[in-house]
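Visitor: Handing over my_file.tsv, TSV, C-alpha atoms.
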chain	number	residue	atom	x	y	z
A	1	MET	CA	0.00	0.00	0.00
A	2	PRO	CA	1.44	3.40	-0.93
A	3	ALA	CA	1.71	6.16	1.65
A	4	TRP	CA	-1.70	7.09	3.01
A	5	GLU	CA	-3.19	10.47	2.36
A	6	PHE	CA	-6.13	11.97	4.19
A	7	ASP	CA	-8.54	11.32	1.32
A	8	SER	CA	-7.58	7.68	1.01
A	9	VAL	CA	-7.83	7.19	4.76
A	10	TYR	CA	-11.24	8.83	4.80
A	11	GLU	CA	-12.44	6.87	1.79
A	12	SER	CA	-11.33	3.57	3.24
A	13	PHE	CA	-12.30	3.96	6.88
A	14	SER	CA	-14.98	6.60	7.35
A	15	ARG	CA	-17.68	3.95	7.34
A	16	MET	CA	-15.87	1.86	9.93
A	17	VAL	CA	-15.19	4.86	12.16
A	18	TYR	CA	-18.74	6.15	11.99
A	19	TRP	CA	-20.38	2.82	12.76
A	20	THR	CA	-17.86	2.00	15.46
A	21	ALA	CA	-18.83	5.26	17.13
A	22	TYR	CA	-22.49	4.61	16.54
A	23	GLY	CA	-22.17	1.10	17.98
A	24	ALA	CA	-20.70	2.58	21.13
A	25	LEU	CA	-22.89	5.64	21.51
A	26	LYS	CA	-26.19	4.67	19.87
A	27	SER	CA	-26.62	8.24	18.66
A	28	GLU	CA	-26.17	9.46	15.11
A	29	SER	CA	-25.19	13.00	16.08
A	30	ASP	CA	-22.69	11.79	18.69
A	31	ALA	CA	-21.28	9.28	16.20
A	32	LEU	CA	-20.88	12.10	13.69
A	33	ASP	CA	-19.07	14.29	16.22
A	34	VAL	CA	-16.73	11.51	17.26
A	35	SER	CA	-16.04	10.55	13.63
A	36	GLN	CA	-15.10	14.12	12.80
A	37	GLU	CA	-12.84	14.31	15.84
A	38	VAL	CA	-11.15	11.06	14.79
A	39	PHE	CA	-10.41	12.41	11.33
A	40	ILE	CA	-9.18	15.70	12.75
A	41	ARG	CA	-6.65	13.60	14.62
A	42	VAL	CA	-5.84	11.79	11.40
A	43	LEU	CA	-5.05	15.16	9.83
A	44	ARG	CA	-2.93	16.12	12.83
A	45	HIS	CA	-0.95	12.86	12.87
A	46	MET	CA	-0.87	12.28	9.12
A	47	LYS	CA	2.94	12.22	9.05
A	48	LYS	CA	3.01	9.38	11.53
A	49	LEU	CA	0.19	7.48	9.89
A	50	GLU	CA	1.12	7.69	6.25
A	51	ASP	CA	3.47	4.72	6.27
A	52	MET	CA	1.36	2.41	8.40
A	53	SER	CA	0.00	-0.79	6.97
A	54	GLU	CA	-3.73	-1.03	6.43
A	55	ALA	CA	-4.14	-3.29	9.47
A	56	GLN	CA	-2.14	-0.93	11.69
A	57	LEU	CA	-4.05	2.10	10.53
A	58	LYS	CA	-7.36	0.33	10.97
A	59	SER	CA	-6.38	-0.70	14.47
A	60	TRP	CA	-5.24	2.83	15.34
A	61	LEU	CA	-8.46	4.34	14.05
A	62	TYR	CA	-10.56	1.82	15.92
A	63	ARG	CA	-8.75	2.51	19.18
A	64	VAL	CA	-8.90	6.26	18.80
A	65	THR	CA	-12.62	5.99	18.04
A	66	VAL	CA	-13.34	3.77	21.02
A	67	ASN	CA	-11.24	5.96	23.29
A	68	LEU	CA	-13.08	9.07	22.17
A	69	CYS	CA	-16.40	7.37	22.78
A	70	VAL	CA	-15.29	6.28	26.24
A	71	ASP	CA	-14.06	9.72	27.06
A	72	GLY	CA	-17.09	11.44	25.61
A	73	LYS	CA	-19.59	9.45	27.55
A	74	ARG	CA	-17.53	8.03	30.39
A	75	ARG	CA	-19.99	5.24	30.46
A	76	LEU	CA	-19.03	2.72	27.82
A	77	LYS	CA	-18.76	-0.46	29.76
A	78	ARG	CA	-19.05	-3.99	28.68
A	79	GLU	CA	-22.47	-4.64	30.13
A	80	VAL	CA	-22.72	-8.32	29.67
A	81	LEU	CA	-19.96	-10.78	29.11
A	82	ALA	CA	-20.29	-13.10	26.18
A	83	ASP	CA	-21.04	-16.11	28.32
A	84	GLU	CA	-23.92	-14.44	30.10
A	85	LEU	CA	-26.16	-14.33	27.07
A	86	PRO	CA	-27.64	-17.75	26.35
A	87	GLU	CA	-27.44	-19.22	22.90
A	88	THR	CA	-30.84	-18.69	21.31
A	89	PRO	CA	-31.91	-20.27	18.07
A	90	VAL	CA	-32.71	-17.77	15.34
A	91	SER	CA	-36.41	-17.52	14.58
A	92	SER	CA	-37.66	-19.68	11.80
A	93	GLU	CA	-37.92	-18.19	8.34
A	94	CYS	CA	-41.68	-17.85	8.33
A	95	GLU	CA	-41.65	-15.68	11.39
A	96	LEU	CA	-39.52	-12.93	9.91
A	97	LEU	CA	-40.48	-10.36	7.35
A	98	GLU	CA	-39.05	-10.54	3.84
A	99	PRO	CA	-36.12	-8.13	3.59
A	100	ALA	CA	-37.43	-6.78	0.30
A	101	ALA	CA	-40.72	-5.87	1.91
A	102	MET	CA	-39.18	-3.72	4.61
A	103	ASN	CA	-40.42	-0.19	4.97
A	104	ALA	CA	-39.05	2.69	6.99
A	105	GLU	CA	-40.89	1.59	10.10
A	106	THR	CA	-39.49	-1.91	9.83
A	107	VAL	CA	-35.99	-0.54	9.40
A	108	ARG	CA	-36.53	1.58	12.51
A	109	LEU	CA	-37.67	-1.47	14.47
A	110	VAL	CA	-34.70	-3.57	13.40
A	111	ARG	CA	-32.30	-0.79	14.24
A	112	GLY	CA	-34.00	-0.35	17.58
A	113	ALA	CA	-33.54	-4.05	18.22
A	114	VAL	CA	-29.85	-3.83	17.30
A	115	ASP	CA	-29.45	-0.79	19.57
A	116	SER	CA	-30.99	-2.69	22.45
A	117	LEU	CA	-28.41	-5.48	22.28
A	118	PRO	CA	-25.76	-5.54	24.99
A	119	ASP	CA	-22.71	-3.48	23.99
A	120	ILE	CA	-20.45	-6.32	23.06
A	121	TYR	CA	-23.00	-7.84	20.65
A	122	ARG	CA	-24.16	-4.53	19.26
A	123	GLU	CA	-20.60	-3.54	18.43
A	124	THR	CA	-19.95	-6.84	16.70
A	125	VAL	CA	-23.17	-6.67	14.66
A	126	THR	CA	-22.53	-3.03	13.77
A	127	LEU	CA	-18.95	-3.65	12.71
A	128	HIS	CA	-19.93	-6.59	10.53
A	129	TYR	CA	-23.11	-5.41	8.86
A	130	PHE	CA	-22.92	-1.63	9.01
A	131	SER	CA	-19.15	-1.15	8.69
A	132	GLY	CA	-18.77	-4.07	6.32
A	133	LEU	CA	-15.89	-5.72	8.18
A	134	GLN	CA	-15.22	-9.43	7.98
A	135	TYR	CA	-15.16	-11.60	11.10
A	136	GLU	CA	-11.38	-11.91	11.02
A	137	GLU	CA	-11.00	-8.13	10.79
A	138	ILE	CA	-13.30	-7.59	13.77
A	139	ALA	CA	-11.41	-10.26	15.70
A	140	ALA	CA	-8.12	-8.47	15.02
A	141	LEU	CA	-9.54	-5.11	16.08
A	142	GLN	CA	-11.08	-6.40	19.27
A	143	GLY	CA	-8.17	-8.66	20.09
A	144	VAL	CA	-10.17	-11.88	20.24
A	145	SER	CA	-10.35	-15.00	18.13
A	146	GLU	CA	-12.49	-15.31	15.03
A	147	GLY	CA	-14.42	-18.06	16.82
A	148	THR	CA	-15.37	-15.64	19.57
A	149	ILE	CA	-16.74	-13.22	17.00
A	150	LYS	CA	-18.74	-15.98	15.32
A	151	SER	CA	-20.11	-17.02	18.67
A	152	ARG	CA	-21.06	-13.45	19.56
A	153	MET	CA	-22.70	-13.00	16.19
A	154	SER	CA	-24.71	-16.17	16.58
A	155	ARG	CA	-25.93	-15.10	20.02
A	156	ALA	CA	-26.69	-11.61	18.76
A	157	LYS	CA	-28.77	-12.96	15.91
A	158	GLY	CA	-30.63	-15.22	18.28
A	159	ARG	CA	-31.37	-12.32	20.56
A	160	LEU	CA	-32.45	-10.17	17.62
A	161	GLY	CA	-34.73	-12.91	16.44
A	162	GLU	CA	-36.39	-12.99	19.85
A	163	LEU	CA	-36.74	-9.25	19.99
A	164	LEU	CA	-38.21	-9.01	16.52
A	165	LYS	CA	-40.49	-11.97	17.06
A	166	GLY	CA	-41.86	-10.24	20.13
A	167	GLY	CA	-42.43	-7.07	18.11
A	168	GLU	CA	-44.23	-6.56	14.87
A	169	LEU	CA	-41.69	-7.94	12.49
A	170	HIS	CA	-42.95	-11.42	11.96
A	171	GLY	CA	-45.08	-12.07	8.91
B	1	MET	CA	-33.16	-19.04	10.01
B	2	ALA	CA	-29.85	-17.35	10.46
B	3	GLU	CA	-29.65	-16.65	6.72
B	4	LYS	CA	-32.90	-14.71	6.86
B	5	MET	CA	-31.68	-12.62	9.77
B	6	ASP	CA	-28.48	-12.08	7.85
B	7	GLU	CA	-30.43	-10.75	4.86
B	8	ILE	CA	-32.55	-8.48	7.04
B	9	LEU	CA	-29.52	-7.02	8.76
B	10	ARG	CA	-27.73	-6.44	5.46
B	11	ALA	CA	-30.79	-4.70	4.02
B	12	VAL	CA	-31.15	-2.51	7.11
B	13	ALA	CA	-27.42	-1.71	7.12
B	14	ASP	CA	-27.51	-0.74	3.44
B	15	ARG	CA	-30.38	1.64	4.08
B	16	ALA	CA	-28.69	3.04	7.13
B	17	ASN	CA	-25.46	3.62	5.22
B	18	ALA	CA	-27.37	5.33	2.43
B	19	GLY	CA	-28.70	7.71	5.06
B	20	VAL	CA	-25.25	8.76	6.23
B	21	ASP	CA	-23.84	11.74	4.35
B	22	TYR	CA	-20.15	10.87	4.39
B	23	ALA	CA	-19.29	13.77	2.07
B	24	ALA	CA	-20.88	16.27	4.47
B	25	MET	CA	-19.09	14.57	7.36
B	26	ARG	CA	-15.81	15.01	5.49
B	27	SER	CA	-16.33	18.68	4.75
B	28	GLY	CA	-17.45	19.22	8.36
B	29	THR	CA	-14.26	17.55	9.52
B	30	LEU	CA	-12.09	19.81	7.39
B	31	LYS	CA	-13.93	22.91	8.59
B	32	LYS	CA	-13.56	21.90	12.21
B	33	ALA	CA	-9.88	21.13	11.69
B	34	GLN	CA	-9.38	24.53	10.08
B	35	ALA	CA	-11.20	26.26	12.95
B	36	LYS	CA	-9.08	24.41	15.51
B	37	GLU	CA	-5.90	25.36	13.70
B	38	LEU	CA	-6.94	29.01	13.60
B	39	ALA	CA	-7.73	28.94	17.30
B	40	LEU	CA	-4.36	27.34	17.97
B	41	ARG	CA	-2.55	30.00	15.94
B	42	LYS	CA	-4.37	32.75	17.81
B	43	ASN	CA	-3.33	31.19	21.09
B	44	ILE	CA	0.25	30.88	19.88
B	45	ILE	CA	0.27	34.56	18.92
B	46	ARG	CA	-1.45	35.60	22.14
B	47	TYR	CA	0.57	33.51	24.56
B	48	GLY	CA	3.69	33.59	22.41
B	49	SER	CA	3.86	37.36	22.65
B	50	VAL	CA	3.34	37.17	26.41
B	51	ALA	CA	6.10	34.56	26.65
B	52	ALA	CA	8.42	36.66	24.49
B	53	ALA	CA	7.81	39.67	26.69
B	54	ALA	CA	8.52	37.56	29.76
B	55	VAL	CA	11.77	36.30	28.26
B	56	LEU	CA	12.83	39.87	27.43
B	57	LEU	CA	12.04	41.01	30.95
B	58	ALA	CA	13.89	38.04	32.42
B	59	SER	CA	16.95	38.73	30.24
B	60	PHE	CA	16.81	42.36	31.26
B	61	GLY	CA	16.61	41.36	34.91
B	62	ILE	CA	19.48	38.92	34.58
B	63	GLY	CA	21.59	41.60	32.93
B	64	ALA	CA	20.79	43.99	35.75
B	65	LEU	CA	21.51	41.42	38.47
B	66	SER	CA	24.81	40.40	36.95
B	67	GLY	CA	26.11	43.88	37.64
B	68	GLY	CA	25.99	45.71	34.34
B	69	PHE	CA	23.52	48.28	35.56
B	70	PHE	CA	24.63	48.72	39.10
B	71	GLY	CA	28.33	48.87	38.58
B	72	MET	CA	28.89	45.75	40.67
B	73	SER	CA	31.83	43.48	40.14
B	74	ALA	CA	30.64	40.77	37.81
B	75	LYS	CA	33.23	38.34	39.06
B	76	SER	CA	32.39	38.69	42.68
B	77	GLU	CA	28.62	38.97	42.35
B	78	ALA	CA	27.93	36.36	39.70
B	79	PRO	CA	25.79	33.63	41.28
B	80	ASP	CA	26.68	29.98	41.10
B	81	ASN	CA	24.50	29.25	38.10
B	82	ALA	CA	25.35	27.98	34.68
B	83	TYR	CA	23.32	30.62	32.88
B	84	PHE	CA	25.06	33.44	34.70
B	85	ALA	CA	28.40	31.79	34.31
B	86	VAL	CA	28.26	31.39	30.56
B	87	GLN	CA	26.61	34.70	29.87
B	88	ASP	CA	28.99	36.80	31.87
B	89	PRO	CA	31.70	38.02	29.50
B	90	ALA	CA	34.06	38.58	32.38
B	91	VAL	CA	34.14	34.91	33.27
B	92	PRO	CA	35.96	32.60	30.87
B	93	GLU	CA	33.72	29.95	29.37
B	94	SER	CA	36.23	27.31	28.44
B	95	GLU	CA	39.72	26.10	28.98
B	96	GLU	CA	40.67	27.74	25.71
B	97	GLN	CA	39.59	31.13	27.01
B	98	LEU	CA	40.98	30.41	30.42
B	99	PHE	CA	44.41	29.36	29.29
B	100	GLY	CA	44.58	30.80	25.79
B	101	SER	CA	44.43	28.98	22.49
B	102	GLU	CA	47.25	26.98	21.01
B	103	SER	CA	47.88	29.56	18.35
B	104	ALA	CA	48.05	32.28	20.92
B	105	THR	CA	50.37	30.42	23.25
B	106	GLY	CA	52.27	28.63	20.54
B	107	GLY	CA	51.88	25.26	22.25
B	108	SER	CA	49.61	22.99	24.20
B	109	ALA	CA	47.18	24.31	26.75
B	110	PRO	CA	48.40	24.11	30.33
B	111	THR	CA	46.11	21.24	31.24
B	112	GLU	CA	47.32	19.21	28.32
B	113	ARG	CA	50.85	19.89	29.24
B	114	ALA	CA	50.24	19.02	32.82
B	115	ASN	CA	48.49	15.77	31.94
B	116	GLY	CA	50.72	14.94	29.06
B	117	GLY	CA	47.47	14.66	27.14
B	118	ASP	CA	46.83	13.65	23.59
B	119	ASP	CA	46.50	16.76	21.44
B	120	ARG	CA	44.42	15.04	18.77
B	121	GLY	CA	41.92	13.65	21.23
B	122	ASP	CA	41.41	16.94	22.98
B	123	ALA	CA	41.12	18.88	19.76
B	124	ALA	CA	38.43	16.59	18.50
B	125	ALA	CA	36.42	16.64	21.71
B	126	PRO	CA	32.90	18.02	21.22
B	127	SER	CA	31.95	21.25	22.89
B	128	THR	CA	29.80	19.66	25.58
B	129	PRO	CA	28.98	21.39	28.84
B	130	ALA	CA	31.53	19.16	30.51
B	131	ALA	CA	34.11	20.07	27.93
B	132	THR	CA	33.45	23.77	28.29
B	133	GLY	CA	33.33	23.62	32.04
B	134	ALA	CA	29.72	24.77	32.23
B	135	PRO	CA	27.44	22.49	34.20
B	136	ALA	CA	24.64	20.76	32.24
B	137	VAL	CA	21.30	22.48	32.76
B	138	GLU	CA	18.05	20.81	31.75
B	139	PRO	CA	15.78	22.96	29.65
B	140	PRO	CA	12.90	24.06	31.81
B	141	GLY	CA	9.45	22.55	31.49
B	142	CYS	CA	10.25	19.46	29.51
B	143	CYS	CA	11.77	17.28	32.19
B	144	GLY	CA	14.53	16.28	29.83
B	145	LEU	CA	12.26	14.02	27.80
B	146	ASP	CA	12.19	15.87	24.55
B	147	SER	CA	14.73	14.04	22.50
B	148	ALA	CA	15.89	10.65	23.70
B	149	SER	CA	13.80	7.52	23.36
B	150	LEU	CA	12.68	5.74	26.49
B	151	TYR	CA	15.04	2.92	27.23
B	152	TRP	CA	14.53	-0.02	29.56
B	153	ALA	CA	18.16	-0.65	30.26
B	154	GLU	CA	17.77	-4.01	32.01
B	155	ARG	CA	16.08	-5.45	28.92
B	156	ALA	CA	17.62	-3.22	26.25
B	157	LEU	CA	14.12	-2.33	25.08
B	158	GLU	CA	13.38	0.96	23.42
B	159	LEU	CA	10.09	2.86	23.41
B	160	PRO	CA	9.22	6.08	21.61
B	161	ALA	CA	10.38	9.33	23.13
B	162	VAL	CA	7.98	11.26	25.34
B	163	SER	CA	7.87	14.85	24.21
B	164	PHE	CA	4.91	15.95	26.29
B	165	GLY	CA	3.91	16.35	29.90
B	166	LYS	CA	5.11	18.45	32.77
B	167	SER	CA	7.03	16.06	34.96
B	168	SER	CA	7.93	12.43	34.99
B	169	GLU	CA	9.16	9.62	37.17
B	170	VAL	CA	10.64	6.39	36.02
B	171	GLU	CA	11.30	3.13	37.75
B	172	SER	CA	12.52	-0.13	36.36
B	173	ASP	CA	14.08	-3.43	37.21
B	174	GLY	CA	14.57	-6.65	35.34
B	175	LYS	CA	10.86	-7.42	35.35
B	176	HIS	CA	9.11	-4.17	34.72
B	177	TYR	CA	9.50	-0.64	33.49
B	178	LEU	CA	7.19	2.21	34.44
B	179	LEU	CA	7.19	5.84	33.40
B	180	VAL	CA	4.61	8.17	34.91
B	181	VAL	CA	4.14	11.47	33.12
B	182	THR	CA	1.88	14.18	34.48
B	183	GLY	CA	0.14	16.94	32.56
B	184	CYS	CA	-0.85	14.77	29.60
B	185	THR	CA	-3.83	15.09	27.27
B	186	GLU	CA	-5.84	12.54	25.33
B	187	GLU	CA	-4.07	13.64	22.20
B	188	ASP	CA	-0.75	12.83	23.83
B	189	PHE	CA	-2.18	9.43	24.73
B	190	ASP	CA	-3.42	8.67	21.21
B	191	ALA	CA	-0.25	9.95	19.62
B	192	TYR	CA	1.94	7.91	21.93
B	193	VAL	CA	0.03	4.68	21.25
B	194	ALA	CA	0.35	5.44	17.54
B	195	LEU	CA	4.09	5.96	17.99
B	196	ILE	CA	4.45	2.58	19.70
B	197	MET	CA	2.60	0.96	16.82
B	198	GLU	CA	4.85	2.81	14.44
B	199	MET	CA	7.99	1.69	16.27
B	200	TYR	CA	6.74	-1.89	16.57
B	201	PRO	CA	4.76	-2.75	13.44
B	202	ASP	CA	4.08	-6.22	14.84
B	203	ALA	CA	2.37	-4.73	17.91
B	204	GLU	CA	-0.64	-6.82	18.73
B	205	ALA	CA	-3.66	-5.36	20.47
B	206	GLN	CA	-4.91	-7.39	23.38
B	207	ASP	CA	-8.47	-7.98	24.46
B	208	GLU	CA	-9.24	-5.64	27.28
B	209	ALA	CA	-12.09	-4.23	29.28
B	210	VAL	CA	-12.75	-0.62	28.45
B	211	GLN	CA	-12.62	1.28	31.70
B	212	SER	CA	-14.83	4.25	32.38
B	213	CYS	CA	-12.28	5.85	34.71
B	214	CYS	CA	-9.45	6.14	32.23
B	215	LEU	CA	-8.18	5.50	28.75
B	216	SER	CA	-6.22	2.31	28.44
B	217	ASN	CA	-4.42	0.50	25.66
B	218	THR	CA	-2.61	-2.81	25.95
B	219	LEU	CA	-0.22	-3.98	23.28
B	220	LYS	CA	2.05	-6.97	22.94
B	221	ILE	CA	5.33	-6.18	21.21
B	222	VAL	CA	8.48	-7.93	20.03
B	223	GLY	CA	6.64	-11.07	19.04
B	224	GLY	CA	4.66	-11.17	22.27
B	225	GLN	CA	7.71	-10.94	24.54
B	226	TYR	CA	6.55	-7.74	26.21
B	227	ARG	CA	3.23	-6.30	27.26
B	228	VAL	CA	2.94	-2.52	27.08
B	229	ILE	CA	0.08	-0.91	28.98
B	230	VAL	CA	-0.55	2.78	28.44
B	231	THR	CA	-3.19	4.43	30.61
B	232	LEU	CA	-4.35	8.00	31.02
B	233	SER	CA	-6.29	9.15	34.03
B	234	ASP	CA	-6.65	12.71	35.34
B	235	GLY	CA	-3.85	13.93	33.12
B	236	GLU	CA	-1.43	11.29	34.37
B	237	MET	CA	-0.12	8.91	31.76
B	238	ARG	CA	1.45	5.66	32.89
B	239	ILE	CA	3.57	3.76	30.41
B	240	GLY	CA	4.21	0.33	31.81
B	241	VAL	CA	6.11	-2.56	30.25
B	242	ARG	CA	6.37	-6.08	31.54
B	243	ALA	CA	8.24	-9.01	30.19
B	244	ILE	CA	5.94	-11.91	29.46
B	245	GLU	CA	7.47	-15.02	30.96
B	246	ASN	CA	6.53	-18.23	29.29
Could you express the structure from this file as structure tokens?
Guide:
Amino acid sequence: MPAWEFDSVYESFSRMVYWTAYGALKSESDALDVSQEVFIRVLRHMKKLEDMSEAQLKSWLYRVTVNLCVDGKRRLKREVLADELPETPVSSECELLEPAAMNAETVRLVRGAVDSLPDIYRETVTLHYFSGLQYEEIAALQGVSEGTIKSRMSRAKGRLGELLKGGELHG
Amino acid sequence: MAEKMDEILRAVADRANAGVDYAAMRSGTLKKAQAKELALRKNIIRYGSVAAAAVLLASFGIGALSGGFFGMSAKSEAPDNAYFAVQDPAVPESEEQLFGSESATGGSAPTERANGGDDRGDAAAPSTPAATGAPAVEPPGCCGLDSASLYWAERALELPAVSFGKSSEVESDGKHYLLVVTGCTEEDFDAYVALIMEMYPDAEAQDEAVQSCCLSNTLKIVGGQYRVIVTLSDGEMRIGVRAIEN
């Protein structure tokens, strides 16, 4: 990878930074503020960052983002450890709405369900689906094994299935 | 099934991403960065001019105290301080001034003659405070941390230099190294972690609990041989290193 420039960093990682912040703060405006602060720091430290590998830069951005979220709210705590959430089977196909048929209200409900997940699961779901990161990338960022991420994702989906089944999302 | 949930989440994420204006976020970032830089420049001008005035006043005061203005004897009144010693023209700064140069005396300096010293070695010696006779004085306010890298002597391990903070304390033995720096900001913290990652490209982030009381980063470096923990709490940054024993 050639030396990073601000535009290439922004292009490559703005989505990850924004959704990492959103996953931690559950607020679009706060996530926007934190994302902008992260990229201001990118501008400030560009000389130090330009020769980093993609993995190093990604890790740096993730840590800066999480740290800013922690500092901003002073409340980001891992609420529930992975083992505390029981494995729940995902709802059967007939109980969930067709993705193509989703309207704005449905999207709002699903996002509400994601937001209501415990931090550790919400962050994993957000990083995978909203930021577009692969399991191995999330594992590297969070310093855990890929198996742990898969396990968290499975539990998160089970929990989401329960939440959505209890709501109005089943058809 | 899980596949259905997967599809739903992807569809929701796509919609959510479409609703985020990344271009506006980018331009907002640049505007904020510009505003911060302007504010910083204003502060530099404002406080810089105050600092410059203070330096001028201090120099003026030093000049007055050293006798120039009061007709005092510079030699007798000069305090025992390196700044006064080197700035006072009446007091010789170096052996060369004290004893005269080789060209002036037509031979070796008295000390060389007395010691039977090596002319080449002495001529090539750098003009260090020790060489010039002036005691070494640390620059104020930077606790001597502005240039050299941190070095854990017992393990011959190097860490990036600390160029921030007001004061520092270091302790180390064969098992651990700890530097505590006060007067640090979050930016110092982020920058220092980035510097470690820069110095050790193989640095591996460890799983950790995010603490609400402080910022904390844990990294394994040198192929997992050392664990570096950097924390920031109430302006105090602690840079700790431990050897990982297998």
Visitor: Contacts between chain A and chain B, please, where a residue of chain B counts if it comes within 9 Å (with all atoms listed in the file); show its shortest atom pair and distance in Å to one decimal, rows by chain and ascending number, as a Markdown table.
Guide:
| residue | atom | partner | partner_atom | distance |
| --- | --- | --- | --- | --- |
| B:Met1 | CA | A:Ser92 | CA | 4.9 |
| B:Ala2 | CA | A:Val90 | CA | 5.7 |
| B:Glu3 | CA | A:Glu93 | CA | 8.6 |
| B:Lys4 | CA | A:Glu93 | CA | 6.3 |
| B:Met5 | CA | A:Lys157 | CA | 6.8 |
| B:Asp6 | CA | A:Lys157 | CA | 8.1 |
| B:Glu7 | CA | A:Pro99 | CA | 6.4 |
| B:Ile8 | CA | A:Pro99 | CA | 5.0 |
| B:Leu9 | CA | A:Tyr129 | CA | 6.6 |
| B:Arg10 | CA | A:Tyr129 | CA | 5.8 |
| B:Ala11 | CA | A:Pro99 | CA | 6.4 |
| B:Val12 | CA | A:Val107 | CA | 5.7 |
| B:Ala13 | CA | A:Phe130 | CA | 4.9 |
| B:Asp14 | CA | A:Phe130 | CA | 7.3 |
| B:Arg15 | CA | A:Val107 | CA | 8.0 |
| B:Ala16 | CA | A:Phe130 | CA | 7.7 |
| B:Asn17 | CA | A:Phe130 | CA | 7.0 |
| B:Val20 | CA | A:Glu28 | CA | 9.0 |
| B:Tyr22 | CA | A:Ser14 | CA | 7.3 |
| B:Met25 | CA | A:Gln36 | CA | 6.8 |
| B:Arg26 | CA | A:Gln36 | CA | 7.4 |
| B:Gly28 | CA | A:Gln36 | CA | 7.2 |
| B:Thr29 | CA | A:Gln36 | CA | 4.8 |
| B:Leu30 | CA | A:Ile40 | CA | 7.4 |
| B:Lys32 | CA | A:Ile40 | CA | 7.6 |
| B:Ala33 | CA | A:Ile40 | CA | 5.6 |
| B:Glu186 | CA | A:Leu68 | CA | 8.6 |
| B:Glu187 | CA | A:Arg41 | CA | 8.0 |
| B:Asp190 | CA | A:Val64 | CA | 6.5 |
| B:Ala191 | CA | A:His45 | CA | 7.4 |
| B:Val193 | CA | A:Trp60 | CA | 8.1 |
| B:Ala194 | CA | A:Trp60 | CA | 6.5 |
| B:Leu195 | CA | A:Lys48 | CA | 7.4 |
| B:Met197 | CA | A:Gln56 | CA | 7.2 |
| B:Glu198 | CA | A:Met52 | CA | 7.0 |
| B:Pro201 | CA | A:Gln56 | CA | 7.3 |
| B:Asp202 | CA | A:Gln56 | CA | 8.8 |
| B:Ala203 | CA | A:Gln56 | CA | 8.6 |
| B:Glu204 | CA | A:Gly143 | CA | 7.9 |
| B:Ala205 | CA | A:Gly143 | CA | 5.6 |
| B:Gln206 | CA | A:Gly143 | CA | 4.8 |
| B:Asp207 | CA | A:Gly143 | CA | 4.4 |
| B:Glu208 | CA | A:Gly143 | CA | 7.9 |
| B:Ala209 | CA | A:Arg78 | CA | 7.0 |
| B:Val210 | CA | A:Lys77 | CA | 6.2 |
| B:Gln211 | CA | A:Lys77 | CA | 6.7 |
| B:Ser212 | CA | A:Arg74 | CA | 5.1 |
| B:Cys213 | CA | A:Arg74 | CA | 7.1 |
| B:Cys214 | CA | A:Asp71 | CA | 7.8 |
| B:Leu215 | CA | A:Asn67 | CA | 6.3 |
| B:Ser216 | CA | A:Asn67 | CA | 8.1 |
| B:Asn217 | CA | A:Arg63 | CA | 8.0 |
Visitor: The residues within 12 Å of (-17.3, -17.6, 13.0), using all atoms listed in the file and the coordinates of the file, should be reported as a PyMOL selection string; which are they?
Guide: chain A and resi 124+128+134-139+144-155
Visitor: Just C-alpha atoms for this one: save the residues we selected as a short mmCIF file (atom, residue, chain, number, x, y, z; two decimals), keeping the file's coordinate frame.
Guide:
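Dumped everything to result-v6.cif:
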data_model
loop_
_atom_site.label_atom_id
_atom_site.label_comp_id
_atom_site.auth_asym_id
_atom_site.auth_seq_id
_atom_site.Cartn_x
_atom_site.Cartn_y
_atom_site.Cartn_z
CA THR A 124 -19.95 -6.84 16.70
CA HIS A 128 -19.93 -6.59 10.53
CA GLN A 134 -15.22 -9.43 7.98
CA TYR A 135 -15.16 -11.60 11.10
CA GLU A 136 -11.38 -11.91 11.02
CA GLU A 137 -11.00 -8.13 10.79
CA ILE A 138 -13.30 -7.59 13.77
CA ALA A 139 -11.41 -10.26 15.70
CA VAL A 144 -10.17 -11.88 20.24
CA SER A 145 -10.35 -15.00 18.13
CA GLU A 146 -12.49 -15.31 15.03
CA GLY A 147 -14.42 -18.06 16.82
CA THR A 148 -15.37 -15.64 19.57
CA ILE A 149 -16.74 -13.22 17.00
CA LYS A 150 -18.74 -15.98 15.32
CA SER A 151 -20.11 -17.02 18.67
CA ARG A 152 -21.06 -13.45 19.56
CA MET A 153 -22.70 -13.00 16.19
CA SER A 154 -24.71 -16.17 16.58
CA ARG A 155 -25.93 -15.10 20.02
#
Visitor: Quick check, in Å to one decimal: how far apart do atom CA of B:Met199 and atom CA of B:Ser233 lie?
Guide: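 Spanning atom CA of B:Met199 to atom CA of B:Ser233 is a straight-line distance of 24.0 Å.
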Visitor: If I take atom CA of A:Asp30 and atom CA of A:Val9, how far is one from the other in Å, to one decimal?
Guide: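 Pair atom CA of A:Asp30 / atom CA of A:Val9 returns 20.9 Å.
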Visitor: Using atom CA of B:Leu150 and atom CA of B:Leu219 as the two end points, give the distance in Å to one decimal.
Guide: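 The value is 16.5 Å.
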Visitor: Which residue gives the smallest distance to A:Ala113 among A:Lys58, A:Lys26, A:Cys69, A:Phe13, with only C-alpha atoms counted?
Guide: A:Lys26
Visitor: Go through A:Glu5, A:Glu123, A:Leu133, A:Tyr62 one by one, measure the shortest atom-to-atom distance of each to A:Tyr22 using only C-alpha atoms, and give the residue with the smallest value.
Guide: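 Nearest candidate to A:Tyr22 out of A:Glu5, A:Glu123, A:Leu133, A:Tyr62: A:Glu123.
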Visitor: Looking at all atoms listed in the file, which of A:Asp119, A:Leu25, A:Lys47, A:Met16 is the one that sits closest to A:Ala3?
Guide: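 Checking each of A:Asp119, A:Leu25, A:Lys47, A:Met16 against A:Ala3, counting all atoms listed in the file, the winner is A:Lys47.
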